[in-house]
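Engineer: Here it is: the structure, laid out below.
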Amino acid sequence: MRKSYRIKKESEFQAVFNLKNSVANRMFVVYTMEKPGQPHFRVGISVGKKIGNAVHRNWVKRRIRQSLLELKPYIKPDVDFLVIARKRADGISMADAKQNLIHVLKLAHLLDPNYSEEEK
């Protein structure tokens with residue numbers, strides 16, 4: 001995912017986090033912030049130290065980024081959001097990561113409601 005699609009600055013993370021607009025499932029928590037007029041969405045990914053060592057955390061982040069890359073055309077453009085991995089995400093398969101992200105993004109109303117797995 002390109003740099004323009006990422007939230008990297010601590011102040012931007014805090015702006016989204018402080019709105020306390022969140023939804024969650026067993027694997028992920030998603031915080032959202034509307035940004036009207038923005039050309040595309042921006043995402044921040046956080047995987048805490050409760051999830052294994054650095055190798056495991058990077059492994060989880062790669063799965064999240066790849067899932068978001070595949071879902072990119074179906075995600076609302078005028079929003080910033082954070083994806084926070086829960087402890088259960090350690091050792092998750094690619095298919096499970098994508099399914100859980102689809103679920104939580106639909107709960108957050110970030111994914112096109114007409115999206116279905118057959119479209120991919």
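Residue numbering restarts at 1 for every chain of the structure tokens, chains are lettered A, B, ... in their displayed order, and ligands are numbered from 1 as they appear.
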Got a sec: who's within 8 Å of stretch 80-95 of chain A, counting only C-alpha atoms, leaving out chain neighbours fewer than 3 positions off, as a ChimeraX atom specification?
Structural biologist: /A:7,13,16-17,26-35,41-48,50-52,56-57,60,63,67,98-99
Engineer: Once you have the residues from the selection above, write them out as a PDB file, in the first residue's frame, restricted to C-alpha atoms.
Structural biologist:
ATOM      1  CA  ILE A   7      -1.478   7.167   8.644  1.00  0.00           C
ATOM      2  CA  PHE A  13      -3.381   8.340  15.030  1.00  0.00           C
ATOM      3  CA  VAL A  16      -8.780   9.174  14.901  1.00  0.00           C
ATOM      4  CA  PHE A  17      -8.449   7.346  18.220  1.00  0.00           C
ATOM      5  CA  ARG A  26     -12.671 -11.191  17.757  1.00  0.00           C
ATOM      6  CA  MET A  27      -9.558 -10.329  15.736  1.00  0.00           C
ATOM      7  CA  PHE A  28      -9.620  -6.579  15.056  1.00  0.00           C
ATOM      8  CA  VAL A  29     -10.803  -3.221  16.362  1.00  0.00           C
ATOM      9  CA  VAL A  30     -11.448  -0.442  13.823  1.00  0.00           C
ATOM     10  CA  TYR A  31     -11.575   3.260  14.743  1.00  0.00           C
ATOM     11  CA  THR A  32     -12.970   5.617  12.098  1.00  0.00           C
ATOM     12  CA  MET A  33     -12.975   9.343  11.339  1.00  0.00           C
ATOM     13  CA  GLU A  34     -14.833  10.956   8.447  1.00  0.00           C
ATOM     14  CA  LYS A  35     -12.722  13.213   6.195  1.00  0.00           C
ATOM     15  CA  PHE A  41      -8.987   6.450   2.418  1.00  0.00           C
ATOM     16  CA  ARG A  42      -6.008   6.378   4.780  1.00  0.00           C
ATOM     17  CA  VAL A  43      -5.307   3.564   7.208  1.00  0.00           C
ATOM     18  CA  GLY A  44      -3.142   3.098  10.269  1.00  0.00           C
ATOM     19  CA  ILE A  45      -2.240  -0.395  11.447  1.00  0.00           C
ATOM     20  CA  SER A  46      -1.311  -1.191  15.028  1.00  0.00           C
ATOM     21  CA  VAL A  47      -0.193  -4.562  16.356  1.00  0.00           C
ATOM     22  CA  GLY A  48       0.700  -4.495  20.042  1.00  0.00           C
ATOM     23  CA  LYS A  50       0.805  -8.838  23.277  1.00  0.00           C
ATOM     24  CA  ILE A  51       1.085 -10.489  19.870  1.00  0.00           C
ATOM     25  CA  GLY A  52       4.329 -12.432  20.004  1.00  0.00           C
ATOM     26  CA  HIS A  56       4.875 -12.336  14.535  1.00  0.00           C
ATOM     27  CA  ARG A  57       3.744  -8.701  14.667  1.00  0.00           C
ATOM     28  CA  VAL A  60       0.138 -10.004  11.139  1.00  0.00           C
ATOM     29  CA  ARG A  63      -1.700  -9.965   6.262  1.00  0.00           C
ATOM     30  CA  SER A  67      -6.228  -7.870   2.738  1.00  0.00           C
ATOM     31  CA  LYS A  98      -9.417 -11.167   5.143  1.00  0.00           C
ATOM     32  CA  GLN A  99     -12.737 -12.619   6.370  1.00  0.00           C
TER      33      GLN A  99
END
Engineer: What lies within 12 Å of A:Tyr115 using only C-alpha atoms, ignoring chain neighbours under 4 positions off, as a short mmCIF file (atom, residue, chain, number, x, y, z; two decimals) with N, CA and C atoms, in the first residue's frame?
Structural biologist:
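Generated output (part_7.cif):
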data_model
loop_
_atom_site.label_atom_id
_atom_site.label_comp_id
_atom_site.auth_asym_id
_atom_site.auth_seq_id
_atom_site.Cartn_x
_atom_site.Cartn_y
_atom_site.Cartn_z
N LEU A 71 -9.09 -5.31 -0.92
CA LEU A 71 -10.41 -4.69 -0.70
C LEU A 71 -10.44 -3.22 -1.10
N LYS A 72 -9.31 -2.67 -1.51
CA LYS A 72 -9.18 -1.23 -1.78
C LYS A 72 -10.30 -0.64 -2.65
N PRO A 73 -10.71 -1.26 -3.75
CA PRO A 73 -11.76 -0.64 -4.56
C PRO A 73 -13.13 -0.55 -3.88
N TYR A 74 -13.33 -1.31 -2.80
CA TYR A 74 -14.63 -1.37 -2.15
C TYR A 74 -14.70 -0.56 -0.86
N ILE A 75 -13.59 0.08 -0.46
CA ILE A 75 -13.56 0.85 0.78
C ILE A 75 -13.90 2.31 0.50
N LYS A 76 -14.75 2.90 1.38
CA LYS A 76 -15.13 4.31 1.23
C LYS A 76 -13.90 5.20 1.15
N ILE A 102 -13.16 -8.07 6.50
CA ILE A 102 -14.41 -7.80 5.78
C ILE A 102 -15.54 -7.61 6.79
N HIS A 103 -15.61 -8.50 7.76
CA HIS A 103 -16.66 -8.43 8.77
C HIS A 103 -16.62 -7.11 9.55
N LEU A 105 -15.05 -4.29 8.79
CA LEU A 105 -15.24 -3.12 7.93
C LEU A 105 -16.70 -2.92 7.57
N LYS A 106 -17.44 -4.02 7.41
CA LYS A 106 -18.88 -3.90 7.17
C LYS A 106 -19.59 -3.35 8.40
N HIS A 109 -19.27 0.26 8.51
CA HIS A 109 -19.84 0.90 7.32
C HIS A 109 -18.78 1.52 6.43
N LEU A 110 -17.62 0.87 6.34
CA LEU A 110 -16.53 1.35 5.48
C LEU A 110 -16.48 0.60 4.17
N LEU A 111 -17.07 -0.57 4.14
CA LEU A 111 -17.02 -1.42 2.96
C LEU A 111 -18.33 -1.27 2.19
N GLU A 119 -17.13 -11.31 -6.04
CA GLU A 119 -16.68 -10.22 -6.90
C GLU A 119 -15.17 -10.27 -7.15
N LYS A 120 -14.45 -10.85 -6.22
CA LYS A 120 -12.99 -10.86 -6.35
C LYS A 120 -12.49 -11.85 -7.35
#
Engineer: Please determine, counting only C-alpha atoms, which residue among A:Val23, A:Pro39, A:Arg6, A:Ser116 has the shortest atom-to-atom distance to A:Val104.
Structural biologist: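 Smallest distance to A:Val104 is found for A:Val23.
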Engineer: Which is closest to A:Ala24 among A:Ala108, A:Ala97, A:Leu69, A:Ile64, if we use only C-alpha atoms?
Structural biologist: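 Checking each candidate against A:Ala24, we get A:Ala108 as the closest.
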Engineer: Can you list, as a PyMOL selection string, every residue of stretch 33-113 of chain A that DSSP puts in helix (DSSP H, G or I)?
Structural biologist: chain A and resi 54-74+87-89+94-107
Engineer: Report as number ranges by chain: the residues of stretch 17-57 of chain A with a DSSP assignment of strand (DSSP E or B), based on the backbone of this structure.
Structural biologist: A: 22-24, 28-34, 42-47
Engineer: Just to confirm, what's the straight-line distance from atom CA of A:Arg2 to atom CA of A:Asp78 in Å (one decimal)?
Structural biologist: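 Interatomic distance here is 16.6 Å.
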Engineer: Which value, in Å to one decimal, gives the distance between atom CA of A:Asn53 and atom CA of A:Asn21?
Structural biologist: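 If I compute the distance from atom CA of A:Asn53 to atom CA of A:Asn21, I get 29.1 Å.
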Engineer: State, in Å with one decimal place, the distance from atom CA of A:Val79 to atom CA of A:Pro36.
Structural biologist: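 According to the coordinates, atom CA of A:Val79 and atom CA of A:Pro36 are separated by 7.3 Å.
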